[in-house]
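Undergrad: What follows is the file data_8.cif, containing mmCIF, C-alpha atoms and all ligand atoms:
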data_work
loop_
_atom_site.label_atom_id
_atom_site.label_comp_id
_atom_site.auth_asym_id
_atom_site.auth_seq_id
_atom_site.Cartn_x
_atom_site.Cartn_y
_atom_site.Cartn_z
CA MET A 1 -3.00 149.28 132.69
CA ASN A 2 -1.69 151.54 135.44
CA ILE A 3 2.01 150.72 135.69
CA PHE A 4 2.36 152.11 139.23
CA PHE A 5 -0.34 149.82 140.58
CA GLU A 6 1.05 146.84 138.64
CA ILE A 7 4.45 147.39 140.27
CA HIS A 8 2.80 147.74 143.68
CA LYS A 9 0.55 144.70 143.28
CA ASP A 10 0.69 141.77 145.71
CA ILE A 11 3.18 143.17 148.21
CA PRO A 12 2.29 142.92 151.92
CA ARG A 13 2.18 146.67 152.53
CA GLU A 14 2.01 149.83 150.44
CA GLY A 15 4.24 151.85 152.74
CA PRO A 16 6.66 151.34 155.64
CA GLY A 17 5.12 149.84 158.76
CA ASP A 18 5.03 146.74 160.94
CA ASN A 19 2.65 145.02 163.31
CA ALA A 20 4.69 145.82 166.42
CA SER A 21 4.52 149.57 165.66
CA THR A 22 0.77 149.36 164.97
CA LYS A 23 0.31 147.62 168.33
CA LYS A 24 2.56 150.11 170.16
CA ALA A 25 0.60 153.06 168.78
CA PHE A 26 -2.76 151.41 169.56
CA GLN A 27 -1.72 150.65 173.14
CA SER A 28 -1.02 154.33 173.74
CA LEU A 29 -4.73 155.17 173.28
CA GLU A 30 -5.95 155.28 176.87
CA GLY A 31 -9.58 155.34 177.92
CA LEU A 32 -11.11 153.93 174.75
CA PRO A 33 -14.63 152.50 175.06
CA LYS A 34 -14.91 148.69 175.05
CA GLN A 35 -16.05 148.69 171.44
CA PRO A 36 -14.42 151.70 169.79
CA ALA A 37 -15.48 152.91 166.35
CA ILE A 38 -12.34 153.11 164.20
CA LEU A 39 -11.79 154.51 160.72
CA ASP A 40 -8.64 153.31 158.90
CA ILE A 41 -7.97 155.84 156.15
CA GLY A 42 -5.95 154.75 153.09
CA CYS A 43 -5.97 151.16 154.36
CA GLY A 44 -4.38 149.67 151.20
CA PRO A 45 -4.07 145.88 151.47
CA GLY A 46 -4.74 146.33 155.19
CA MET A 47 -1.96 144.74 157.22
CA GLN A 48 -2.57 147.35 159.93
CA THR A 49 -6.38 146.95 159.65
CA LEU A 50 -6.06 143.25 160.44
CA LYS A 51 -3.67 143.92 163.31
CA LEU A 52 -6.10 146.45 164.78
CA ALA A 53 -9.01 144.05 164.33
CA ARG A 54 -7.16 141.34 166.26
CA ASN A 55 -6.50 143.82 169.10
CA THR A 56 -9.92 145.36 169.58
CA ASN A 57 -13.53 144.41 170.08
CA GLY A 58 -14.52 147.50 168.19
CA LYS A 59 -15.61 148.02 164.58
CA ILE A 60 -13.24 149.24 161.89
CA VAL A 61 -14.22 150.90 158.64
CA ALA A 62 -11.32 150.42 156.20
CA LEU A 63 -11.40 153.15 153.55
CA ASP A 64 -9.42 153.28 150.31
CA MET A 65 -9.88 154.37 146.68
CA HIS A 66 -8.17 151.44 145.00
CA GLN A 67 -10.58 148.53 144.59
CA PRO A 68 -7.92 145.78 144.13
CA PHE A 69 -6.47 146.65 147.58
CA LEU A 70 -9.96 146.53 149.08
CA ASP A 71 -10.63 143.16 147.43
CA ARG A 72 -7.41 141.77 148.91
CA LEU A 73 -8.30 143.08 152.36
CA GLN A 74 -11.83 141.66 152.10
CA GLN A 75 -10.34 138.26 151.26
CA SER A 76 -8.03 138.42 154.32
CA VAL A 77 -10.97 139.54 156.49
CA ASN A 78 -12.98 136.54 155.29
CA ASP A 79 -10.04 134.15 155.75
CA GLU A 80 -9.46 135.36 159.32
CA LYS A 81 -13.20 135.43 160.10
CA LEU A 82 -13.07 139.10 161.05
CA SER A 83 -16.06 140.33 159.04
CA HIS A 84 -17.98 141.18 162.22
CA LYS A 85 -15.20 143.70 163.00
CA VAL A 86 -14.10 145.08 159.62
CA GLU A 87 -16.16 146.83 156.96
CA VAL A 88 -14.28 147.51 153.74
CA MET A 89 -15.38 150.71 151.99
CA LYS A 90 -14.45 152.44 148.75
CA GLY A 91 -14.21 156.18 149.26
CA SER A 92 -11.95 159.20 149.41
CA MET A 93 -10.17 160.68 152.41
CA PHE A 94 -10.94 164.10 150.89
CA SER A 95 -14.67 163.78 151.38
CA LEU A 96 -15.42 161.98 154.64
CA GLU A 97 -18.59 164.08 154.94
CA ASP A 98 -20.06 162.09 152.02
CA TYR A 99 -20.05 158.90 154.11
CA PHE A 100 -19.93 159.78 157.81
CA LYS A 101 -21.58 162.09 160.32
CA GLU A 102 -19.46 164.38 162.47
CA SER A 103 -18.08 162.83 165.71
CA SER A 104 -18.52 159.30 164.34
CA PHE A 105 -15.19 157.81 165.44
CA ASP A 106 -13.28 157.12 168.64
CA VAL A 107 -10.17 156.64 166.53
CA ILE A 108 -9.03 157.71 163.09
CA TRP A 109 -6.10 155.55 162.02
CA SER A 110 -3.95 156.17 158.95
CA GLU A 111 -0.59 154.57 158.16
CA GLY A 112 1.43 156.13 155.35
CA ALA A 113 -1.49 157.82 153.62
CA ILE A 114 -1.88 161.37 154.95
CA PHE A 115 0.82 162.57 152.54
CA ILE A 116 -1.90 162.37 149.87
CA MET A 117 -3.64 165.36 151.50
CA GLY A 118 -0.64 166.77 153.31
CA PHE A 119 -0.27 166.53 157.09
CA GLU A 120 -1.83 169.90 157.93
CA HIS A 121 -4.83 169.56 155.62
CA GLY A 122 -5.39 165.98 156.79
CA VAL A 123 -5.38 166.56 160.55
CA ASN A 124 -7.61 169.62 160.15
CA SER A 125 -10.16 168.14 157.78
CA TRP A 126 -10.50 164.85 159.72
CA PHE A 127 -10.93 166.70 163.05
CA PRO A 128 -14.77 166.97 162.91
CA PHE A 129 -15.16 163.21 162.45
CA VAL A 130 -13.33 162.34 165.70
CA LYS A 131 -15.40 162.32 168.90
CA LYS A 132 -14.34 164.63 171.71
CA GLY A 133 -11.71 162.70 173.70
CA GLY A 134 -11.05 160.49 170.64
CA PHE A 135 -7.75 160.01 168.85
CA ILE A 136 -5.95 160.26 165.55
CA ALA A 137 -3.00 157.90 165.11
CA LEU A 138 -1.10 158.25 161.84
CA SER A 139 2.32 157.67 160.36
CA GLU A 140 3.96 160.18 158.08
CA LEU A 141 7.18 160.55 156.08
CA THR A 142 9.24 163.02 158.10
CA TRP A 143 12.67 164.68 158.04
CA LEU A 144 14.64 163.43 161.04
CA LYS A 145 17.37 166.07 160.71
CA PRO A 146 17.02 169.76 159.92
CA LYS A 147 20.06 169.70 157.59
CA ARG A 148 20.57 167.05 154.93
CA PRO A 149 22.67 166.44 151.81
CA LYS A 150 21.53 168.18 148.63
CA GLU A 151 20.84 164.93 146.75
CA ILE A 152 18.23 163.67 149.21
CA ASN A 153 16.83 167.13 149.86
CA ASP A 154 16.27 167.62 146.12
CA PHE A 155 14.79 164.14 145.72
CA TRP A 156 12.06 164.70 148.31
CA ALA A 157 11.57 168.37 147.39
CA LYS A 158 10.49 167.02 144.00
CA ASN A 159 8.55 163.95 145.19
CA TYR A 160 6.99 165.22 148.43
CA PRO A 161 7.50 168.97 148.80
CA GLY A 162 5.18 169.00 151.84
CA MET A 163 7.51 166.82 153.92
CA LYS A 164 8.22 168.36 157.32
CA THR A 165 10.47 167.82 160.33
CA VAL A 166 9.13 166.19 163.51
CA GLU A 167 9.06 169.57 165.26
CA GLU A 168 7.10 171.18 162.42
CA ASN A 169 4.51 168.39 162.49
CA LEU A 170 4.19 168.61 166.29
CA GLN A 171 3.45 172.31 165.89
CA LEU A 172 0.75 171.50 163.32
CA VAL A 173 -0.80 169.02 165.77
CA GLU A 174 -0.98 171.75 168.39
CA ASN A 175 -2.32 174.34 165.92
CA ALA A 176 -5.08 171.91 164.95
CA ARG A 177 -6.18 171.76 168.64
CA TYR A 178 -5.10 168.22 169.43
CA GLU A 179 -3.07 167.16 172.44
CA LEU A 180 -0.01 165.13 171.53
CA ILE A 181 -0.07 161.71 173.22
CA ASP A 182 3.09 160.20 171.77
CA HIS A 183 5.31 160.10 168.72
CA PHE A 184 7.97 157.61 167.66
CA THR A 185 10.04 156.77 164.60
CA LEU A 186 9.42 153.43 162.95
CA PRO A 187 12.44 151.09 162.85
CA GLU A 188 14.34 150.79 159.57
CA SER A 189 13.23 147.14 159.36
CA SER A 190 9.66 148.33 158.80
CA TRP A 191 10.80 149.87 155.49
CA TRP A 192 12.46 146.67 154.30
CA ASP A 193 10.53 143.67 155.64
CA HIS A 194 7.08 144.28 154.20
CA TYR A 195 7.65 147.07 151.69
CA TYR A 196 10.96 147.83 149.95
CA GLY A 197 12.21 144.22 150.17
CA PRO A 198 9.18 142.69 148.40
CA LEU A 199 9.02 145.72 146.05
CA GLU A 200 12.63 145.22 144.97
CA LYS A 201 11.88 141.59 144.11
CA ARG A 202 8.86 142.64 142.07
CA VAL A 203 10.88 145.27 140.21
CA ALA A 204 13.47 142.64 139.23
CA MET A 205 10.75 140.28 137.97
CA LEU A 206 8.90 142.99 136.00
CA ARG A 207 12.16 144.29 134.49
CA GLU A 208 12.62 140.99 132.75
CA GLU A 209 8.94 140.67 131.79
CA HIS A 210 8.82 144.16 130.21
CA LYS A 211 12.37 144.42 128.90
CA ASN A 212 11.20 145.85 125.55
CA SER A 213 9.12 148.69 127.01
CA ASP A 214 10.86 152.02 127.67
CA GLU A 215 7.82 153.20 129.59
CA TRP A 216 8.00 150.24 131.96
CA GLN A 217 11.76 150.50 132.37
CA GLY A 218 11.41 154.21 133.24
CA LYS A 219 8.81 153.51 135.95
CA LEU A 220 10.85 150.63 137.35
CA ASP A 221 13.90 152.93 137.50
CA GLU A 222 11.84 155.43 139.51
CA SER A 223 10.86 152.76 142.05
CA LEU A 224 14.44 151.58 142.41
CA ARG A 225 15.72 155.13 142.79
CA GLU A 226 13.43 155.74 145.76
CA ILE A 227 14.71 152.55 147.38
CA GLU A 228 18.33 153.49 146.68
CA MET A 229 17.78 156.90 148.25
CA TYR A 230 16.58 155.26 151.45
CA ARG A 231 19.51 152.82 151.45
CA LYS A 232 21.89 155.77 151.23
CA TYR A 233 20.16 158.39 153.40
CA SER A 234 17.96 156.57 155.95
CA GLU A 235 19.48 158.53 158.84
CA TYR A 236 17.97 161.75 157.47
CA TYR A 237 14.32 160.76 157.12
CA GLY A 238 11.89 158.16 158.35
CA TYR A 239 8.30 157.29 159.06
CA VAL A 240 7.07 158.79 162.31
CA PHE A 241 3.93 157.74 164.16
CA TYR A 242 2.02 160.69 165.61
CA ILE A 243 -0.70 159.96 168.17
CA MET A 244 -2.95 162.84 169.16
CA GLN A 245 -6.15 163.34 171.14
CA LYS A 246 -9.05 165.68 170.43
CA ILE A 247 -9.61 167.44 173.74
C1 LIG A 301 1.17 154.48 150.80
S1 LIG A 301 -0.34 153.60 150.74
C2 LIG A 301 -0.53 153.02 152.44
C3 LIG A 301 -1.42 151.82 152.54
C4 LIG A 301 -1.50 151.13 153.91
N1 LIG A 301 -2.00 152.00 154.95
C5 LIG A 301 -0.16 150.55 154.31
O1 LIG A 301 0.50 151.13 155.20
O2 LIG A 301 0.23 149.52 153.72
C6 LIG A 301 -1.56 154.88 150.58
C7 LIG A 301 -2.97 154.36 150.33
O3 LIG A 301 -3.85 155.46 150.17
C8 LIG A 301 -4.80 155.13 149.16
N2 LIG A 301 -5.39 156.37 148.63
C9 LIG A 301 -4.93 157.18 147.64
N3 LIG A 301 -5.75 158.24 147.48
C10 LIG A 301 -6.77 158.08 148.37
C11 LIG A 301 -7.94 158.83 148.68
N4 LIG A 301 -8.21 159.98 148.05
N5 LIG A 301 -8.75 158.38 149.65
C12 LIG A 301 -8.48 157.22 150.31
N6 LIG A 301 -7.39 156.47 150.06
C13 LIG A 301 -6.54 156.89 149.10
C14 LIG A 301 -4.00 154.32 148.15
O4 LIG A 301 -4.84 153.54 147.33
C15 LIG A 301 -3.11 153.51 149.07
O5 LIG A 301 -3.74 152.29 149.42
#
With the file now loaded, output its structure as structure tokens.
TA:
Amino acid sequence: MNIFFEIHKDIPREGPGDNASTKKAFQSLEGLPKQPAILDIGCGPGMQTLKLARNTNGKIVALDMHQPFLDRLQQSVNDEKLSHKVEVMKGSMFSLEDYFKESSFDVIWSEGAIFIMGFEHGVNSWFPFVKKGGFIALSELTWLKPKRPKEINDFWAKNYPGMKTVEENLQLVENARYELIDHFTLPESSWWDHYYGPLEKRVAMLREEHKNSDEWQGKLDESLREIEMYRKYSEYYGYVFYIMQKI
């Protein structure tokens, strides 16, 4: 059993985000065709996939590596009768060329998943799969202040050494030959409502269930520590949506 995925099972989202932010980012994509082709990379359980599907007449391919997330999304797609709009696909963001031709998509969407490749590698390696004039809209863990207390700096230096400031990411967008359309920071509620709040409840439940396992208790401590860091230092970092166009 993979303890990480057990802890993260059955929560609404696998990272910070909310439907209003998904909608806001989607509305900033001007000039899309009537039925855009959209790829949602690292879709997880797919809250944002479903929101996109309700807001477009296009087709969305929802890509992830973790089959239980894909199964959950497929169930929601069936329940909401959205199967004509959403195709769930198991595959890796590292090898889009294995599944898609170049210039296949009007939009590449990715909430809270580009950290797996790193922002720079991600925006560069996904570039060929976006049509000319198409968009990438993604959210990424970002430093909101250039200077921060040692405790939080050390925490993220260990857990996500590639984390950048907004300005650094905007420079990477430009270097990768996109035009920046918009960027905005997600509200703090989008960390708590669908992610850390439900995760905290799950940690409490699993703590009791696995009280005799040091391995479990160690992993649960790690999850709680990340949450505590955000509670203490949320002014210093956040999730930022970056919306860019391939010109
Ligand atoms: C932090 S979660 C975000 C999930 C979802 N977008 C959300 O906001 O709730 C990152 C997702 O990336 C997926 N993932 C990890 N490695 C991947 C890979 N190589 N290719 C595609 N997806 C991957 C994970 O399974 C997970 O669902």
Undergrad: Which one of A:Phe135, A:Tyr99, A:Trp126, A:Tyr195 sits closest to ligand LIG 301 (chain A) if you count all atoms listed in the file?
TA: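 So, comparing all the options, the nearest one is A:Tyr195.
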Undergrad: I want to know what sits within 9 Å of Asp40 in chain A, based on only C-alpha atoms, with residues of the same chain fewer than 6 positions away left out; could you give that as a list in words?
TA: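 Using only C-alpha atoms, the neighbours found are Gly46, Gln48, Thr49, Ile60, Val61, Ala62, Leu63, Asp64, Val107, Ile108, Trp109, Ser110 and Glu111 of chain A.
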Undergrad: Between CA of Lys90 in chain A and CA of Phe5 in chain A, what is the distance in Å, rounded to a tenth?
TA: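 Distance reported for this atom pair: 16.5 Å.
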Undergrad: For the contact check between range 1-20 of chain A and range 217-239 of chain A, emit one row per residue of range 1-20 of chain A within 10 Å, containing the shortest atom pair and the distance in Å rounded to one decimal, counting all atoms listed in the file, chain then rising number order, as CSV.
TA:
residue,atom,partner,partner_atom,distance
A:Ile3,CA,A:Lys219,CA,7.4
A:Phe4,CA,A:Lys219,CA,7.4
A:Ile7,CA,A:Leu220,CA,7.7
A:His8,CA,A:Ser223,CA,9.6
A:Gly15,CA,A:Tyr239,CA,9.3
A:Pro16,CA,A:Tyr239,CA,7.1
A:Gly17,CA,A:Tyr239,CA,8.1
Undergrad: Provide the CA of Tyr160 in chain A to CA of Val88 in chain A distance in Å, to one decimal place.
TA: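 Pair CA of Tyr160 in chain A / CA of Val88 in chain A returns 28.2 Å.
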Undergrad: Which residue, A:Trp156, A:Phe94, A:Tyr196, A:Trp216, has the smallest gap to Ser125 in chain A when you use only C-alpha atoms?
TA: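 That would be A:Phe94, the residue with the smallest distance to Ser125 in chain A.
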